[in-house]
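S.K.: This is the structure, below, for whatever I ask next.
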Amino acid sequence: MLDDVLVSAYLARIGASRPARRDLATLAELTERHVLSVPFENLDYHLGQEIHLDERVVDKIVHQGRGGGCYEVNPAFGMLLTALGYQVEILSARVHRPGGLGAPLGHLVLRVTLDGAAYLVDVGFRRNARRPLLLGTGEVQFDPQGAYAFGPEQQGEFDLVLDGEPMYRVDGRPRELGDFRPSLWWFRTCPDSPFLQDVFCSLPTVEGRITLKGRTLTRRVHGTVSEELLADDADVFAAYHKYFGLTLDRLPDEPVRPEGSRGVAVE
């Protein structure tokens, strides 16, 4: 459980005030602030740093000003919500990829139950919703990121669909954080791991999204996309700091990408 000092620091990190009440509006505000403040990034995979499945990831986000992948930012956000009195469970999901469904436990999301209703919360995926999504309904749910809907449940699993395209398939059984250690080891070590094939840092904005993938800076503003190749190291350092608030001692190593690999889509 996060102590009160760390809770206050976490809220300051995402630009949120301490909630006066525990309700859906507050949950939506906290979720959106987290999505817009903490980047989806894999820099530690290419900086030779460990990826932690415990409270150390909170220190990374709060005190180091960093982001991370789903195994980091979603558990950290879950710890914050738990400390604020929300009922939080960890769920696993399989990501829809061009070649078919990914492996079980390939993605980590949260289920938050509030006043008898359950919501899917995800702050660690490309194009994740900014706000909680009500579970148990097939109705389209509109979000600043697009139109989301859940497919019918089949053997305890159900798809999350964005603008008609399946994103990932959620397993409704609660998981423990430690269940993801074998998958994390695979993501950290296997040459086929999408997290090892690209260096990326991505953050939604009110106007669109900004992404630094390798040395290519992509800015999406109200549907208009611009790309800029940053040739100088100084420009890359400056982009990390300006757009994502990251201050790095050195740049991540450039990966060797296997032929035919696709990496992680972050746009």
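Residues are referred to by chain and number: the chain letter is A, B, ... according to the order shown in the structure tokens, the number counts from 1 in that chain, and ligands are numbered separately from 1 in the order shown.
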List the neighbours of segment 203-205 of chain A out to 7 Å using only C-alpha atoms; skip same-chain residues closer than 3 positions along the sequence, and give me the result as a PDB file with all heavy atoms, in the first residue's frame.

M.R.:
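As written to disk, selection_2.pdb reads:
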```pdb
ATOM      1  N   LEU A  36      -2.620  11.236 -20.055  1.00  0.00           N
ATOM      2  CA  LEU A  36      -2.057  12.424 -20.689  1.00  0.00           C
ATOM      3  C   LEU A  36      -0.727  12.866 -20.076  1.00  0.00           C
ATOM      4  O   LEU A  36      -0.093  13.791 -20.598  1.00  0.00           O
ATOM      5  CB  LEU A  36      -3.062  13.580 -20.617  1.00  0.00           C
ATOM      6  CG  LEU A  36      -4.355  13.408 -21.419  1.00  0.00           C
ATOM      7  CD1 LEU A  36      -5.315  14.566 -21.128  1.00  0.00           C
ATOM      8  CD2 LEU A  36      -4.077  13.306 -22.908  1.00  0.00           C
ATOM      9  N   PRO A  39       4.028   8.713 -20.183  1.00  0.00           N
ATOM     10  CA  PRO A  39       4.166   8.136 -21.529  1.00  0.00           C
ATOM     11  C   PRO A  39       4.219   6.617 -21.541  1.00  0.00           C
ATOM     12  O   PRO A  39       4.653   5.966 -20.580  1.00  0.00           O
ATOM     13  CB  PRO A  39       5.487   8.741 -22.029  1.00  0.00           C
ATOM     14  CG  PRO A  39       6.236   9.119 -20.806  1.00  0.00           C
ATOM     15  CD  PRO A  39       5.216   9.475 -19.777  1.00  0.00           C
ATOM     16  N   PHE A  40       3.772   6.068 -22.649  1.00  0.00           N
ATOM     17  CA  PHE A  40       3.933   4.650 -22.964  1.00  0.00           C
ATOM     18  C   PHE A  40       5.300   4.533 -23.620  1.00  0.00           C
ATOM     19  O   PHE A  40       5.507   5.045 -24.726  1.00  0.00           O
ATOM     20  CB  PHE A  40       2.804   4.229 -23.908  1.00  0.00           C
ATOM     21  CG  PHE A  40       2.869   2.796 -24.377  1.00  0.00           C
ATOM     22  CD1 PHE A  40       2.973   1.746 -23.491  1.00  0.00           C
ATOM     23  CD2 PHE A  40       2.791   2.506 -25.737  1.00  0.00           C
ATOM     24  CE1 PHE A  40       3.005   0.428 -23.923  1.00  0.00           C
ATOM     25  CE2 PHE A  40       2.819   1.196 -26.187  1.00  0.00           C
ATOM     26  CZ  PHE A  40       2.929   0.159 -25.276  1.00  0.00           C
ATOM     27  N   GLY A 208      -4.076  15.394 -30.064  1.00  0.00           N
ATOM     28  CA  GLY A 208      -3.739  14.204 -30.846  1.00  0.00           C
ATOM     29  C   GLY A 208      -2.766  13.293 -30.137  1.00  0.00           C
ATOM     30  O   GLY A 208      -3.081  12.691 -29.124  1.00  0.00           O
ATOM     31  N   ARG A 209      -1.536  13.224 -30.639  1.00  0.00           N
ATOM     32  CA  ARG A 209      -0.522  12.336 -30.048  1.00  0.00           C
ATOM     33  C   ARG A 209       0.851  12.773 -30.537  1.00  0.00           C
ATOM     34  O   ARG A 209       0.986  13.280 -31.656  1.00  0.00           O
ATOM     35  CB  ARG A 209      -0.764  10.874 -30.449  1.00  0.00           C
ATOM     36  CG  ARG A 209       0.292   9.891 -29.945  1.00  0.00           C
ATOM     37  CD  ARG A 209      -0.042   8.456 -30.318  1.00  0.00           C
ATOM     38  NE  ARG A 209      -1.177   7.963 -29.568  1.00  0.00           N
ATOM     39  CZ  ARG A 209      -1.078   7.386 -28.377  1.00  0.00           C
ATOM     40  NH1 ARG A 209       0.104   7.246 -27.804  1.00  0.00           N
ATOM     41  NH2 ARG A 209      -2.156   6.944 -27.753  1.00  0.00           N
ATOM     42  N   ILE A 210       1.860  12.541 -29.686  1.00  0.00           N
ATOM     43  CA  ILE A 210       3.243  12.767 -30.081  1.00  0.00           C
ATOM     44  C   ILE A 210       4.050  11.529 -29.760  1.00  0.00           C
ATOM     45  O   ILE A 210       3.908  10.936 -28.691  1.00  0.00           O
ATOM     46  CB  ILE A 210       3.821  14.024 -29.409  1.00  0.00           C
ATOM     47  CG1 ILE A 210       5.194  14.339 -29.987  1.00  0.00           C
ATOM     48  CG2 ILE A 210       3.865  13.875 -27.890  1.00  0.00           C
ATOM     49  CD1 ILE A 210       5.583  15.776 -29.844  1.00  0.00           C
ATOM     50  N   THR A 211       4.876  11.100 -30.713  1.00  0.00           N
ATOM     51  CA  THR A 211       5.625   9.855 -30.586  1.00  0.00           C
ATOM     52  C   THR A 211       7.055  10.064 -31.072  1.00  0.00           C
ATOM     53  O   THR A 211       7.279  10.675 -32.119  1.00  0.00           O
ATOM     54  CB  THR A 211       4.971   8.735 -31.426  1.00  0.00           C
ATOM     55  OG1 THR A 211       3.646   8.493 -30.938  1.00  0.00           O
ATOM     56  CG2 THR A 211       5.779   7.447 -31.338  1.00  0.00           C
TER      57      THR A 211
END
```

S.K.: For segment 75-81 of chain A, find every residue with an atom within 9 Å (counting only C-alpha atoms), except residues of its own chain fewer than 4 positions away, and show them as an mmCIF file with C-alpha atoms, in the first residue's frame.

M.R.:
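Result file selection_7.cif:
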```
data_model
loop_
_atom_site.group_PDB
_atom_site.id
_atom_site.type_symbol
_atom_site.label_atom_id
_atom_site.label_comp_id
_atom_site.auth_asym_id
_atom_site.auth_seq_id
_atom_site.Cartn_x
_atom_site.Cartn_y
_atom_site.Cartn_z
ATOM 1 C CA MET A 1 0.000 0.000 0.000
ATOM 2 C CA LEU A 2 1.319 3.436 -0.929
ATOM 3 C CA LEU A 6 3.719 8.893 -2.001
ATOM 4 C CA VAL A 7 0.031 9.200 -2.913
ATOM 5 C CA TYR A 10 1.821 10.540 -7.452
ATOM 6 C CA LEU A 11 -1.177 12.853 -7.770
ATOM 7 C CA LEU A 27 -11.979 7.777 -11.476
ATOM 8 C CA LEU A 30 -7.587 10.326 -12.568
ATOM 9 C CA THR A 31 -7.466 7.963 -15.549
ATOM 10 C CA HIS A 34 -2.564 9.569 -16.039
ATOM 11 C CA LEU A 53 6.764 -5.826 -11.033
ATOM 12 C CA ASP A 54 6.403 -4.163 -7.631
ATOM 13 C CA GLU A 55 6.223 -0.747 -5.969
ATOM 14 C CA ARG A 56 9.579 0.266 -7.451
ATOM 15 C CA VAL A 57 7.730 1.162 -10.635
ATOM 16 C CA VAL A 58 5.862 3.835 -8.670
ATOM 17 C CA ILE A 61 6.969 7.126 -12.523
ATOM 18 C CA CYS A 70 1.575 -2.032 -19.441
ATOM 19 C CA TYR A 71 3.351 -4.217 -16.858
ATOM 20 C CA GLY A 85 -10.029 3.380 -1.691
ATOM 21 C CA TYR A 86 -11.020 1.899 -5.048
ATOM 22 C CA GLN A 87 -11.564 -1.837 -5.513
ATOM 23 C CA VAL A 88 -8.998 -2.883 -8.124
ATOM 24 C CA GLU A 89 -8.211 -6.210 -9.793
ATOM 25 C CA ILE A 90 -5.555 -7.118 -12.343
ATOM 26 C CA LEU A 108 -2.089 -6.282 -18.304
ATOM 27 C CA VAL A 109 -5.184 -4.180 -17.588
ATOM 28 C CA LEU A 110 -7.236 -3.215 -14.541
ATOM 29 C CA VAL A 112 -12.195 -1.304 -11.082
ATOM 30 C CA VAL A 123 -3.303 3.523 -19.035
ATOM 31 C CA LEU A 177 1.079 -9.391 -10.519
#
```

S.K.: Hey, what's within 7 Å of Gln145 of chain A if we count only C-alpha atoms and toss same-chain stuff fewer than 2 positions away? As a PyMOL selection string, please?

M.R.: chain A and resi 127+129-130+143

S.K.: Extract, using only C-alpha atoms, all DNA, RNA and protein residues at most 10 Å from Glu157 of chain A, discarding same-chain residues fewer than 5 positions from it, and format them as a list of chain:residue names.

M.R.: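 Counting only the stated atoms, we get A:Ser92, A:Ala93, A:Arg94, A:Gly151, A:Pro152, A:Arg169, A:Val170, A:Asp171, A:Gly172, A:Arg173.
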
S.K.: Just asking: which residues within segment 69-190 of chain A are alpha helix (DSSP H) according to DSSP, as a ChimeraX atom specification?

M.R.: /A:70-83,181-189

S.K.: Any chance you could export the current selection's N, CA and C atoms as a compact mmCIF listing (two decimals), in the first residue's frame?

M.R.:
```txt
# COMPACT_ATOMS: atom_id res chain seq x y z
N CYS A 70 2.78 -1.67 -20.20
CA CYS A 70 1.57 -2.03 -19.44
C CYS A 70 1.90 -2.72 -18.13
N TYR A 71 3.00 -3.51 -18.09
CA TYR A 71 3.35 -4.22 -16.86
C TYR A 71 3.82 -3.26 -15.77
N GLU A 72 4.09 -2.02 -16.14
CA GLU A 72 4.57 -1.04 -15.17
C GLU A 72 3.48 -0.02 -14.83
N VAL A 73 2.98 0.68 -15.84
CA VAL A 73 2.10 1.81 -15.54
C VAL A 73 0.72 1.36 -15.04
N ASN A 74 0.20 0.25 -15.54
CA ASN A 74 -1.10 -0.19 -15.05
C ASN A 74 -1.04 -0.68 -13.60
N PRO A 75 -0.07 -1.52 -13.20
CA PRO A 75 0.01 -1.87 -11.78
C PRO A 75 0.24 -0.66 -10.88
N ALA A 76 1.10 0.27 -11.34
CA ALA A 76 1.36 1.47 -10.54
C ALA A 76 0.08 2.27 -10.33
N PHE A 77 -0.68 2.46 -11.41
CA PHE A 77 -1.94 3.19 -11.30
C PHE A 77 -2.92 2.43 -10.40
N GLY A 78 -2.90 1.11 -10.50
CA GLY A 78 -3.74 0.29 -9.63
C GLY A 78 -3.39 0.48 -8.16
N MET A 79 -2.10 0.61 -7.86
CA MET A 79 -1.68 0.86 -6.47
C MET A 79 -2.18 2.21 -5.99
N LEU A 80 -2.13 3.22 -6.87
CA LEU A 80 -2.65 4.54 -6.50
C LEU A 80 -4.15 4.45 -6.23
N LEU A 81 -4.90 3.82 -7.12
CA LEU A 81 -6.34 3.73 -6.95
C LEU A 81 -6.69 2.95 -5.68
N THR A 82 -5.96 1.89 -5.41
CA THR A 82 -6.20 1.11 -4.19
C THR A 82 -5.98 1.96 -2.95
N ALA A 83 -4.90 2.75 -2.95
CA ALA A 83 -4.61 3.63 -1.81
C ALA A 83 -5.70 4.68 -1.63
N ARG A 181 5.43 -12.56 -14.54
CA ARG A 181 6.90 -12.62 -14.56
C ARG A 181 7.44 -13.43 -15.74
N PRO A 182 6.89 -14.61 -16.06
CA PRO A 182 7.40 -15.33 -17.23
C PRO A 182 7.24 -14.55 -18.53
N SER A 183 6.09 -13.86 -18.68
CA SER A 183 5.89 -13.06 -19.89
C SER A 183 6.85 -11.89 -19.94
N LEU A 184 7.10 -11.27 -18.80
CA LEU A 184 8.05 -10.16 -18.76
C LEU A 184 9.45 -10.64 -19.15
N TRP A 185 9.83 -11.81 -18.66
CA TRP A 185 11.13 -12.38 -19.03
C TRP A 185 11.22 -12.56 -20.53
N TRP A 186 10.14 -13.05 -21.16
CA TRP A 186 10.13 -13.24 -22.62
C TRP A 186 10.27 -11.89 -23.33
N PHE A 187 9.50 -10.89 -22.90
CA PHE A 187 9.59 -9.57 -23.52
C PHE A 187 10.98 -8.97 -23.37
N ARG A 188 11.65 -9.29 -22.26
CA ARG A 188 12.97 -8.71 -21.99
C ARG A 188 14.10 -9.41 -22.72
N THR A 189 13.90 -10.68 -23.12
CA THR A 189 15.02 -11.48 -23.60
C THR A 189 14.88 -12.05 -25.01
```

S.K.: Pick the closest to Leu84 of chain A from A:Ala20, A:Ala231, A:Leu212, A:Ala238: which is it, counting only C-alpha atoms?

M.R.: A:Ala20

S.K.: Please, which residues of segment 37-244 of chain A, numbered as in this document, come out strand (DSSP E or B) from DSSP, as a ChimeraX atom specification?

M.R.: /A:40-41,68,87-97,100-101,107-114,117-121,133-134,141-143,146-150,154,157-162,165-175,200-204,208-213,216-221,224-229

S.K.: Taking into account only C-alpha atoms, which residue in the set A:Arg18, A:His52, A:Pro166, A:Gly116 is nearest to Arg97 of chain A?

M.R.: A:Pro166

S.K.: Please provide as a list in words all residues within 6 Å of Glu32 of chain A, with the sequence filter that same-chain residues fewer than 3 positions apart are discarded (counting only C-alpha atoms).

M.R.: Glu29, Val35, Arg130 and Arg131 of chain A

S.K.: Could you check how far atom CA of Gly68 of chain A sits from atom CA of Arg220 of chain A, in Å to one decimal?

M.R.: 20.9 Å

S.K.: Need the shell around Glu165 of chain A: protein/DNA/RNA residues with any atom at most 10 Å away, counting only C-alpha atoms. Skip same-chain ones fewer than 6 positions apart. Format as a ChimeraX atom specification?

M.R.: /A:96,148-149,159

S.K.: Kindly give the distance, in Å, that separates atom CA of Asn42 of chain A and atom CA of Phe195 of chain A, rounded to a single decimal.

M.R.: 6.5 Å

S.K.: Counting only C-alpha atoms, figure out which residue out of A:Glu50, A:Glu207, A:Asp163, A:Glu153 gets nearest to Val140 of chain A.

M.R.: A:Asp163

S.K.: So how far away is atom CA of Pro19 of chain A from atom CA of Asp4 of chain A, in Å?

M.R.: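 Computed distance, atom CA of Asp4 of chain A to atom CA of Pro19 of chain A, equals 12.9 Å.
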
S.K.: Which is closer to Glu254 of chain A than all the others in A:Met167, A:Leu196, A:Leu101, A:Leu230, using only C-alpha atoms?

M.R.: A:Leu196

S.K.: Under the rule that only C-alpha atoms are counted, which of A:Val62, A:Ala9, A:Leu105, A:Ala25 is the nearest residue to Gly178 of chain A?

M.R.: A:Leu105
